[in-house]
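Trainee: Here you go, structure_15.pdb (PDB, C-alpha atoms and all ligand atoms):
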ATOM      1  CA  MET A   1      16.310  18.622  -0.307  1.00  0.00           C
ATOM      2  CA  LYS A   2      13.779  21.252  -1.352  1.00  0.00           C
ATOM      3  CA  ASN A   3      13.133  19.056  -4.357  1.00  0.00           C
ATOM      4  CA  VAL A   4      11.543  16.465  -2.036  1.00  0.00           C
ATOM      5  CA  LEU A   5       8.910  18.996  -1.003  1.00  0.00           C
ATOM      6  CA  ASP A   6       8.373  20.050  -4.609  1.00  0.00           C
ATOM      7  CA  LYS A   7       7.581  16.444  -5.442  1.00  0.00           C
ATOM      8  CA  LEU A   8       5.235  16.089  -2.473  1.00  0.00           C
ATOM      9  CA  ASN A   9       3.422  19.242  -3.558  1.00  0.00           C
ATOM     10  CA  TRP A  10       3.301  17.930  -7.123  1.00  0.00           C
ATOM     11  CA  ARG A  11       1.547  14.733  -6.094  1.00  0.00           C
ATOM     12  CA  TYR A  12      -2.157  14.702  -5.405  1.00  0.00           C
ATOM     13  CA  ALA A  13      -4.811  12.059  -5.059  1.00  0.00           C
ATOM     14  CA  THR A  14      -5.519  11.706  -8.761  1.00  0.00           C
ATOM     15  CA  LYS A  15      -9.207  11.600  -9.616  1.00  0.00           C
ATOM     16  CA  MET A  16      -8.899  11.213 -13.395  1.00  0.00           C
ATOM     17  CA  PHE A  17      -6.153   9.112 -14.923  1.00  0.00           C
ATOM     18  CA  ASP A  18      -5.169   9.205 -18.588  1.00  0.00           C
ATOM     19  CA  ALA A  19      -6.239   5.670 -19.503  1.00  0.00           C
ATOM     20  CA  SER A  20      -3.960   5.693 -22.566  1.00  0.00           C
ATOM     21  CA  LYS A  21      -0.756   6.031 -20.539  1.00  0.00           C
ATOM     22  CA  LYS A  22       0.950   2.976 -19.042  1.00  0.00           C
ATOM     23  CA  VAL A  23       3.602   2.853 -16.353  1.00  0.00           C
ATOM     24  CA  SER A  24       6.603   1.004 -17.822  1.00  0.00           C
ATOM     25  CA  GLU A  25       7.466  -2.429 -16.481  1.00  0.00           C
ATOM     26  CA  GLU A  26      10.792  -1.043 -15.256  1.00  0.00           C
ATOM     27  CA  ASP A  27       9.133   1.752 -13.261  1.00  0.00           C
ATOM     28  CA  LEU A  28       6.467  -0.604 -11.945  1.00  0.00           C
ATOM     29  CA  ASN A  29       9.189  -2.909 -10.680  1.00  0.00           C
ATOM     30  CA  ILE A  30      10.883  -0.037  -8.871  1.00  0.00           C
ATOM     31  CA  LEU A  31       7.597   0.755  -7.146  1.00  0.00           C
ATOM     32  CA  LEU A  32       7.051  -2.875  -6.209  1.00  0.00           C
ATOM     33  CA  ASP A  33      10.572  -3.078  -4.796  1.00  0.00           C
ATOM     34  CA  ALA A  34       9.866   0.063  -2.776  1.00  0.00           C
ATOM     35  CA  ALA A  35       6.791  -1.681  -1.360  1.00  0.00           C
ATOM     36  CA  ARG A  36       8.833  -4.800  -0.636  1.00  0.00           C
ATOM     37  CA  LEU A  37      11.555  -2.783   1.107  1.00  0.00           C
ATOM     38  CA  THR A  38       9.035  -1.196   3.450  1.00  0.00           C
ATOM     39  CA  ALA A  39       9.778  -1.383   7.157  1.00  0.00           C
ATOM     40  CA  SER A  40       7.350  -3.500   9.159  1.00  0.00           C
ATOM     41  CA  SER A  41       6.928  -4.252  12.831  1.00  0.00           C
ATOM     42  CA  TYR A  42       9.606  -6.821  13.814  1.00  0.00           C
ATOM     43  CA  GLY A  43      10.213  -7.152  10.046  1.00  0.00           C
ATOM     44  CA  LEU A  44       7.375  -9.672   9.783  1.00  0.00           C
ATOM     45  CA  GLN A  45       5.808  -8.298   6.553  1.00  0.00           C
ATOM     46  CA  PRO A  46       2.332  -9.681   7.310  1.00  0.00           C
ATOM     47  CA  TYR A  47       0.930  -8.736   3.925  1.00  0.00           C
ATOM     48  CA  HIS A  48       0.804  -9.502   0.237  1.00  0.00           C
ATOM     49  CA  PHE A  49       0.582  -7.096  -2.686  1.00  0.00           C
ATOM     50  CA  TYR A  50      -1.588  -7.675  -5.755  1.00  0.00           C
ATOM     51  CA  VAL A  51      -0.999  -5.936  -9.079  1.00  0.00           C
ATOM     52  CA  ILE A  52      -4.234  -5.928 -11.045  1.00  0.00           C
ATOM     53  CA  GLU A  53      -4.161  -5.259 -14.773  1.00  0.00           C
ATOM     54  CA  ASP A  54      -6.928  -7.602 -15.987  1.00  0.00           C
ATOM     55  CA  LYS A  55      -9.730  -5.463 -17.439  1.00  0.00           C
ATOM     56  CA  ASP A  56     -12.616  -7.717 -16.378  1.00  0.00           C
ATOM     57  CA  VAL A  57     -11.345  -7.938 -12.824  1.00  0.00           C
ATOM     58  CA  ARG A  58     -10.828  -4.175 -12.770  1.00  0.00           C
ATOM     59  CA  SER A  59     -14.395  -3.489 -13.894  1.00  0.00           C
ATOM     60  CA  LYS A  60     -15.721  -5.814 -11.176  1.00  0.00           C
ATOM     61  CA  LEU A  61     -13.563  -4.019  -8.619  1.00  0.00           C
ATOM     62  CA  ARG A  62     -14.817  -0.637  -9.841  1.00  0.00           C
ATOM     63  CA  LYS A  63     -18.381  -1.743  -9.070  1.00  0.00           C
ATOM     64  CA  ALA A  64     -17.170  -2.629  -5.579  1.00  0.00           C
ATOM     65  CA  SER A  65     -15.549   0.823  -5.266  1.00  0.00           C
ATOM     66  CA  TYR A  66     -18.516   3.182  -5.582  1.00  0.00           C
ATOM     67  CA  ASP A  67     -17.837   3.334  -9.336  1.00  0.00           C
ATOM     68  CA  GLN A  68     -14.669   5.377  -8.844  1.00  0.00           C
ATOM     69  CA  PRO A  69     -13.066   5.722 -12.298  1.00  0.00           C
ATOM     70  CA  GLN A  70      -9.474   5.437 -11.040  1.00  0.00           C
ATOM     71  CA  ILE A  71     -10.042   1.714 -10.532  1.00  0.00           C
ATOM     72  CA  THR A  72     -10.331   1.022 -14.263  1.00  0.00           C
ATOM     73  CA  ASP A  73      -8.511   4.012 -15.785  1.00  0.00           C
ATOM     74  CA  ALA A  74      -5.213   3.962 -13.919  1.00  0.00           C
ATOM     75  CA  SER A  75      -2.351   2.093 -15.541  1.00  0.00           C
ATOM     76  CA  HIS A  76      -2.111  -0.413 -12.681  1.00  0.00           C
ATOM     77  CA  LEU A  77      -4.137  -1.101  -9.590  1.00  0.00           C
ATOM     78  CA  LEU A  78      -2.336  -2.268  -6.467  1.00  0.00           C
ATOM     79  CA  VAL A  79      -4.303  -3.970  -3.717  1.00  0.00           C
ATOM     80  CA  LEU A  80      -2.410  -4.099  -0.433  1.00  0.00           C
ATOM     81  CA  ALA A  81      -3.741  -7.072   1.501  1.00  0.00           C
ATOM     82  CA  ASN A  82      -3.055  -7.828   5.163  1.00  0.00           C
ATOM     83  CA  LYS A  83      -3.169 -11.148   6.988  1.00  0.00           C
ATOM     84  CA  PRO A  84      -6.334 -10.858   9.107  1.00  0.00           C
ATOM     85  CA  THR A  85      -5.069 -13.532  11.448  1.00  0.00           C
ATOM     86  CA  PHE A  86      -1.879 -15.527  11.891  1.00  0.00           C
ATOM     87  CA  ASP A  87      -0.310 -18.302  13.922  1.00  0.00           C
ATOM     88  CA  GLU A  88       3.262 -19.213  14.841  1.00  0.00           C
ATOM     89  CA  SER A  89       4.074 -19.916  11.183  1.00  0.00           C
ATOM     90  CA  LEU A  90       4.195 -16.147  10.562  1.00  0.00           C
ATOM     91  CA  VAL A  91       7.162 -15.922  12.918  1.00  0.00           C
ATOM     92  CA  ASP A  92       8.679 -19.292  11.906  1.00  0.00           C
ATOM     93  CA  ASN A  93       8.725 -18.396   8.185  1.00  0.00           C
ATOM     94  CA  TYR A  94      10.359 -15.067   8.941  1.00  0.00           C
ATOM     95  CA  ILE A  95      12.939 -16.707  11.199  1.00  0.00           C
ATOM     96  CA  ASP A  96      13.750 -19.230   8.428  1.00  0.00           C
ATOM     97  CA  ASN A  97      14.286 -16.273   6.078  1.00  0.00           C
ATOM     98  CA  ILE A  98      16.654 -14.580   8.565  1.00  0.00           C
ATOM     99  CA  ILE A  99      18.645 -17.804   8.960  1.00  0.00           C
ATOM    100  CA  LYS A 100      18.900 -18.215   5.175  1.00  0.00           C
ATOM    101  CA  THR A 101      19.604 -14.546   4.381  1.00  0.00           C
ATOM    102  CA  ARG A 102      22.096 -13.806   7.128  1.00  0.00           C
ATOM    103  CA  GLY A 103      23.656 -17.248   7.522  1.00  0.00           C
ATOM    104  CA  VAL A 104      22.969 -17.368  11.264  1.00  0.00           C
ATOM    105  CA  SER A 105      21.999 -20.431  13.283  1.00  0.00           C
ATOM    106  CA  LYS A 106      18.576 -21.251  14.738  1.00  0.00           C
ATOM    107  CA  GLY A 107      20.037 -20.784  18.213  1.00  0.00           C
ATOM    108  CA  ASP A 108      21.150 -17.242  17.345  1.00  0.00           C
ATOM    109  CA  VAL A 109      17.574 -16.159  16.637  1.00  0.00           C
ATOM    110  CA  GLU A 110      15.671 -18.310  19.119  1.00  0.00           C
ATOM    111  CA  GLY A 111      15.335 -15.495  21.641  1.00  0.00           C
ATOM    112  CA  TYR A 112      13.990 -13.124  19.012  1.00  0.00           C
ATOM    113  CA  SER A 113      11.564 -15.766  17.795  1.00  0.00           C
ATOM    114  CA  ASN A 114      10.238 -16.436  21.297  1.00  0.00           C
ATOM    115  CA  MET A 115       9.967 -12.730  22.007  1.00  0.00           C
ATOM    116  CA  MET A 116       7.832 -12.164  18.883  1.00  0.00           C
ATOM    117  CA  LYS A 117       5.647 -15.170  19.620  1.00  0.00           C
ATOM    118  CA  GLY A 118       5.191 -14.019  23.203  1.00  0.00           C
ATOM    119  CA  ALA A 119       4.123 -10.560  22.082  1.00  0.00           C
ATOM    120  CA  LEU A 120       1.847 -11.554  19.214  1.00  0.00           C
ATOM    121  CA  MET A 121       0.270 -14.988  19.546  1.00  0.00           C
ATOM    122  CA  GLY A 122      -2.030 -14.113  22.420  1.00  0.00           C
ATOM    123  CA  LEU A 123      -3.548 -11.077  20.719  1.00  0.00           C
ATOM    124  CA  PRO A 124      -7.288 -11.260  19.999  1.00  0.00           C
ATOM    125  CA  ASP A 125      -8.079 -11.756  16.278  1.00  0.00           C
ATOM    126  CA  ALA A 126      -9.458  -8.213  15.885  1.00  0.00           C
ATOM    127  CA  HIS A 127      -6.186  -6.830  17.175  1.00  0.00           C
ATOM    128  CA  LYS A 128      -4.151  -9.091  14.890  1.00  0.00           C
ATOM    129  CA  ASN A 129      -6.199  -7.819  11.965  1.00  0.00           C
ATOM    130  CA  SER A 130      -5.774  -4.141  12.793  1.00  0.00           C
ATOM    131  CA  TRP A 131      -2.069  -4.598  13.521  1.00  0.00           C
ATOM    132  CA  THR A 132      -1.319  -6.303  10.185  1.00  0.00           C
ATOM    133  CA  SER A 133      -3.552  -3.832   8.368  1.00  0.00           C
ATOM    134  CA  ASN A 134      -1.542  -0.976   9.893  1.00  0.00           C
ATOM    135  CA  GLN A 135       1.600  -2.460   8.359  1.00  0.00           C
ATOM    136  CA  THR A 136       0.148  -2.206   4.850  1.00  0.00           C
ATOM    137  CA  TYR A 137      -0.264   1.549   5.327  1.00  0.00           C
ATOM    138  CA  ILE A 138       3.484   1.910   5.811  1.00  0.00           C
ATOM    139  CA  ALA A 139       3.914   0.339   2.366  1.00  0.00           C
ATOM    140  CA  LEU A 140       1.202   2.672   1.084  1.00  0.00           C
ATOM    141  CA  GLY A 141       3.122   5.703   2.368  1.00  0.00           C
ATOM    142  CA  ASN A 142       6.324   4.480   0.738  1.00  0.00           C
ATOM    143  CA  LEU A 143       4.555   3.903  -2.554  1.00  0.00           C
ATOM    144  CA  LEU A 144       2.983   7.370  -2.522  1.00  0.00           C
ATOM    145  CA  THR A 145       6.311   9.049  -1.863  1.00  0.00           C
ATOM    146  CA  ILE A 146       8.438   6.999  -4.235  1.00  0.00           C
ATOM    147  CA  ALA A 147       5.862   7.310  -7.015  1.00  0.00           C
ATOM    148  CA  ALA A 148       5.864  11.097  -6.529  1.00  0.00           C
ATOM    149  CA  GLU A 149       9.646  11.091  -6.660  1.00  0.00           C
ATOM    150  CA  MET A 150       9.350   9.285 -10.024  1.00  0.00           C
ATOM    151  CA  GLU A 151       6.584  11.647 -11.191  1.00  0.00           C
ATOM    152  CA  ILE A 152       4.127   8.805 -11.345  1.00  0.00           C
ATOM    153  CA  ASP A 153       0.613   9.660 -10.217  1.00  0.00           C
ATOM    154  CA  THR A 154      -1.314   7.743  -7.606  1.00  0.00           C
ATOM    155  CA  CYS A 155      -4.580   7.693  -5.741  1.00  0.00           C
ATOM    156  CA  PRO A 156      -4.677   5.947  -2.358  1.00  0.00           C
ATOM    157  CA  MET A 157      -8.131   4.493  -1.879  1.00  0.00           C
ATOM    158  CA  GLU A 158     -10.183   3.188   1.010  1.00  0.00           C
ATOM    159  CA  GLY A 159     -13.471   3.795  -0.735  1.00  0.00           C
ATOM    160  CA  PHE A 160     -14.238   0.190  -1.569  1.00  0.00           C
ATOM    161  CA  ASP A 161     -16.093  -2.770  -0.137  1.00  0.00           C
ATOM    162  CA  LYS A 162     -13.518  -5.074   1.458  1.00  0.00           C
ATOM    163  CA  ALA A 163     -15.778  -8.111   1.517  1.00  0.00           C
ATOM    164  CA  GLN A 164     -16.453  -7.768  -2.210  1.00  0.00           C
ATOM    165  CA  TYR A 165     -12.760  -7.293  -2.982  1.00  0.00           C
ATOM    166  CA  ASN A 166     -11.926 -10.368  -0.930  1.00  0.00           C
ATOM    167  CA  GLU A 167     -14.521 -12.324  -2.889  1.00  0.00           C
ATOM    168  CA  ILE A 168     -13.498 -11.063  -6.364  1.00  0.00           C
ATOM    169  CA  LEU A 169      -9.773 -11.629  -5.756  1.00  0.00           C
ATOM    170  CA  GLY A 170     -10.197 -14.852  -3.765  1.00  0.00           C
ATOM    171  CA  LEU A 171      -8.286 -13.378  -0.848  1.00  0.00           C
ATOM    172  CA  ALA A 172     -10.005 -15.035   2.107  1.00  0.00           C
ATOM    173  CA  GLU A 173      -8.900 -18.543   1.094  1.00  0.00           C
ATOM    174  CA  ASN A 174      -5.310 -17.286   1.240  1.00  0.00           C
ATOM    175  CA  ASN A 175      -5.887 -15.743   4.675  1.00  0.00           C
ATOM    176  CA  LEU A 176      -5.724 -12.251   3.180  1.00  0.00           C
ATOM    177  CA  ASN A 177      -7.915  -9.193   3.400  1.00  0.00           C
ATOM    178  CA  ALA A 178      -7.972  -6.154   1.100  1.00  0.00           C
ATOM    179  CA  ALA A 179      -6.742  -3.354   3.357  1.00  0.00           C
ATOM    180  CA  VAL A 180      -6.109  -0.443   1.022  1.00  0.00           C
ATOM    181  CA  VAL A 181      -5.817   0.198  -2.699  1.00  0.00           C
ATOM    182  CA  LEU A 182      -3.442   2.314  -4.753  1.00  0.00           C
ATOM    183  CA  ALA A 183      -4.257   3.367  -8.304  1.00  0.00           C
ATOM    184  CA  VAL A 184      -1.031   4.088 -10.213  1.00  0.00           C
ATOM    185  CA  GLY A 185      -0.603   5.845 -13.547  1.00  0.00           C
ATOM    186  CA  TYR A 186      -0.564   9.274 -15.123  1.00  0.00           C
ATOM    187  CA  ARG A 187      -2.971  12.133 -14.519  1.00  0.00           C
ATOM    188  CA  SER A 188      -5.367  13.292 -17.196  1.00  0.00           C
ATOM    189  CA  LYS A 189      -4.961  16.909 -18.295  1.00  0.00           C
ATOM    190  CA  GLU A 190      -8.717  17.180 -17.730  1.00  0.00           C
ATOM    191  CA  ASP A 191      -8.434  16.427 -14.008  1.00  0.00           C
ATOM    192  CA  LYS A 192      -9.162  19.821 -12.477  1.00  0.00           C
ATOM    193  CA  THR A 193      -8.265  18.666  -8.982  1.00  0.00           C
ATOM    194  CA  GLN A 194      -4.547  18.684  -9.903  1.00  0.00           C
ATOM    195  CA  HIS A 195      -4.719  22.503  -9.727  1.00  0.00           C
ATOM    196  CA  TYR A 196      -6.370  22.673  -6.307  1.00  0.00           C
ATOM    197  CA  PRO A 197      -4.129  24.079  -3.556  1.00  0.00           C
ATOM    198  CA  LYS A 198      -3.227  21.582  -0.851  1.00  0.00           C
ATOM    199  CA  VAL A 199      -5.400  21.741   2.258  1.00  0.00           C
ATOM    200  CA  ARG A 200      -3.143  21.121   5.246  1.00  0.00           C
ATOM    201  CA  TYR A 201      -2.947  22.438   8.793  1.00  0.00           C
ATOM    202  CA  SER A 202      -0.129  24.862   9.455  1.00  0.00           C
ATOM    203  CA  LYS A 203       3.010  23.643  11.199  1.00  0.00           C
ATOM    204  CA  GLU A 204       1.916  25.549  14.327  1.00  0.00           C
ATOM    205  CA  GLU A 205      -1.362  23.689  14.414  1.00  0.00           C
ATOM    206  CA  ILE A 206      -0.071  20.221  13.738  1.00  0.00           C
ATOM    207  CA  ILE A 207       3.450  20.091  15.179  1.00  0.00           C
ATOM    208  CA  THR A 208       4.574  20.576  18.765  1.00  0.00           C
ATOM    209  CA  HIS A 209       8.214  20.883  19.685  1.00  0.00           C
ATOM    210  CA  ILE A 210       9.009  19.987  23.274  1.00  0.00           C
TER
HETATM  211  C1  LIG B 301      -5.968   5.842   3.170  1.00  0.00           C
HETATM  212  C2  LIG B 301      -6.550   6.794   2.160  1.00  0.00           C
HETATM  213  C3  LIG B 301      -7.747   6.494   1.539  1.00  0.00           C
HETATM  214  C4  LIG B 301      -8.265   7.333   0.542  1.00  0.00           C
HETATM  215  N1  LIG B 301      -9.385   6.958  -0.169  1.00  0.00           N
HETATM  216  C5  LIG B 301      -9.738   7.675  -1.271  1.00  0.00           C
HETATM  217  C6  LIG B 301     -10.738   7.204  -2.159  1.00  0.00           C
HETATM  218  O1  LIG B 301     -11.333   6.136  -1.974  1.00  0.00           O
HETATM  219  N2  LIG B 301     -11.025   7.943  -3.248  1.00  0.00           N
HETATM  220  C7  LIG B 301     -10.384   9.123  -3.533  1.00  0.00           C
HETATM  221  O2  LIG B 301     -10.674   9.741  -4.566  1.00  0.00           O
HETATM  222  N3  LIG B 301      -9.424   9.599  -2.702  1.00  0.00           N
HETATM  223  C8  LIG B 301      -9.080   8.908  -1.593  1.00  0.00           C
HETATM  224  N4  LIG B 301      -8.072   9.358  -0.765  1.00  0.00           N
HETATM  225  C9  LIG B 301      -7.390  10.621  -1.090  1.00  0.00           C
HETATM  226  C10 LIG B 301      -7.531  11.709  -0.016  1.00  0.00           C
HETATM  227  O3  LIG B 301      -8.810  12.266  -0.060  1.00  0.00           O
HETATM  228  C11 LIG B 301      -6.423  12.741  -0.262  1.00  0.00           C
HETATM  229  O4  LIG B 301      -5.176  12.117  -0.120  1.00  0.00           O
HETATM  230  C12 LIG B 301      -6.521  13.908   0.718  1.00  0.00           C
HETATM  231  O5  LIG B 301      -7.694  14.631   0.496  1.00  0.00           O
HETATM  232  C13 LIG B 301      -5.312  14.849   0.592  1.00  0.00           C
HETATM  233  O6  LIG B 301      -5.188  15.343  -0.719  1.00  0.00           O
HETATM  234  P1  LIG B 301      -3.921  15.070  -1.646  1.00  0.00           P
HETATM  235  O7  LIG B 301      -3.572  13.618  -1.514  1.00  0.00           O
HETATM  236  O8  LIG B 301      -4.422  15.389  -3.044  1.00  0.00           O
HETATM  237  O9  LIG B 301      -2.828  15.968  -1.209  1.00  0.00           O
HETATM  238  C14 LIG B 301      -7.589   8.546   0.238  1.00  0.00           C
HETATM  239  C15 LIG B 301      -6.394   8.852   0.914  1.00  0.00           C
HETATM  240  C16 LIG B 301      -5.866   7.981   1.839  1.00  0.00           C
HETATM  241  C17 LIG B 301      -4.529   8.305   2.465  1.00  0.00           C
END
Would you kindly transcribe this structure into structure tokens?
Mentor:
Amino acid sequence: MKNVLDKLNWRYATKMFDASKKVSEEDLNILLDAARLTASSYGLQPYHFYVIEDKDVRSKLRKASYDQPQITDASHLLVLANKPTFDESLVDNYIDNIIKTRGVSKGDVEGYSNMMKGALMGLPDAHKNSWTSNQTYIALGNLLTIAAEMEIDTCPMEGFDKAQYNEILGLAENNLNAAVVLAVGYRSKEDKTQHYPKVRYSKEEIITHI
């Protein structure tokens, strides 16, 4: 298991990607499956993932990201988008998927459906937005860890203008909102930050055993 920690120490938020190196389609698909397999509250998966390769789109997004070079230089750019609001169809679609996947009847899952609707439908829109946005960060964590395990570099990014991303990618008309971005690729040898020691609180400072 020590290897897991080696990989987590190996990873770092990559500042300079080697623009000549591409993540293979096979590896990209593993990462996307890892995102898809992410746990979410109730299992509702209130998000959608965009894989951006198009150069023109990437250069527009870079302008909307404080000109951070990772946006254009990484092999692939993932935009994790949450559903800023939702209605009963979020639950109904999920319930249909359970019925289809597990071969159960509507009656079997009616209680679960009503429980989810009862808990979620009355939430104010701001709360719905923050709750679905939180779910995308679970996928982000999975992607960071699995990529590290595969020795693929990443940079998680919040340094971008959400409204501009939503506009450039046409997200709002699909009831989506750019929550967080992940640049994926391979580090440049020139990126000095890869040699910086990790800055983390000690276990004593950050963990309490009771
Ligand atoms: C949600 C999130 C948003 C971040 N946004 C940016 C960003 O916009 N640009 C950037 O260069 N790094 C960004 N980072 C990277 C952090 O600064 C970095 O993860 C942190 O300093 C710890 O360093 P390490 O990841 O290299 O271990 C972000 C990290 C997270 C988790």
Trainee: Quick one: apply the PyMOL selection byres (((chain A and resi 11) around 12) and not hetatm) to the file and drop the selected residues here as a PyMOL selection string.
Mentor: chain A and resi 4-10+12-15+143-156+184-187+193-198
Trainee: Given all atoms listed in the file as the basis, pick out the residue of A:Val199, A:Leu31, A:Met116, A:Ala172 nearest to ligand LIG 301 (chain B).
Mentor: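 Result for the nearest residue to ligand LIG 301 (chain B): A:Val199.
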Trainee: Step by step, work through what the PyMOL selection byres (((chain A and resi 58) around 10) and not hetatm) selects in the shown file, and finish by giving those residues as a count of residues only.
Mentor: 20
Trainee: Separation of atom C15 of ligand LIG 301 (chain B) and atom CA of A:Arg200, in Å?
Mentor: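 One can read the atom C15 of ligand LIG 301 (chain B) to atom CA of A:Arg200 distance as 13.4 Å.
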Trainee: Mind working out the centre and edge lengths of an axis-aligned box for ligand LIG 301 (chain B), all listed atoms inside, 8 Å added to each side, rounded to one decimal in Å and written as JSON?
Mentor:
{"center_x": -7.1, "center_y": 10.9, "center_z": -0.7, "size_x": 24.5, "size_y": 26.1, "size_z": 23.7}
Trainee: Quick check, in Å to one decimal: how far apart do atom CA of A:Asp161 and atom CA of A:Asn177 lie?
Mentor: 11.0 Å
Trainee: Ranking A:Lys21, A:Lys100, A:Lys162, A:His48 by minimum distance to ligand LIG 301 (chain B) and counting all atoms listed in the file, which one comes first?
Mentor: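 For ligand LIG 301 (chain B), the nearest of the given residues is A:Lys162.
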Trainee: For each of A:Glu158, A:Glu26, A:Asp18, A:Glu110, take the minimum atom-to-atom distance to ligand LIG 301 (chain B), counting only C-alpha atoms and all ligand atoms, then give the residue where this is smallest.
Mentor: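 Smallest separation from ligand LIG 301 (chain B) among the options: A:Glu158.
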Trainee: Find, counting all atoms listed in the file, the residue in A:Gln135, A:Asn174, A:Ser202, A:Ser65 that gets nearest to ligand LIG 301 (chain B).
Mentor: A:Ser65
Trainee: Is it possible to get the residues within 9 Å of (1.2, -14.7, 16.5) (coordinates as in the file, counting all atoms listed in the file) written as a list in words?
Mentor: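 The distance filter leaves exactly Thr85, Phe86, Asp87, Glu88, Ser89, Leu90, Val91, Met116, Lys117, Gly118, Ala119, Leu120, Met121, Gly122, Leu123 and Lys128 of chain A.
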Trainee: Using atom CA of A:Asn3 and atom CA of A:Thr136 as the two end points, give the distance in Å to one decimal.
Mentor: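 Atom-to-atom, atom CA of A:Asn3 and atom CA of A:Thr136 are spaced 26.6 Å apart.
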Trainee: Could you tell me which of A:Pro69, A:Asn114, A:Tyr165, A:Ala39 comes closest to A:Asp191 if we count all atoms listed in the file?
Mentor: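 Using all atoms listed in the file, the shortest distance to A:Asp191 belongs to A:Pro69.
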Trainee: Restricting the calculation to all atoms listed in the file, which member of A:Asn97, A:Asn134, A:Ser75, A:Gln45 is positioned closest to ligand LIG 301 (chain B)?
Mentor: A:Asn134
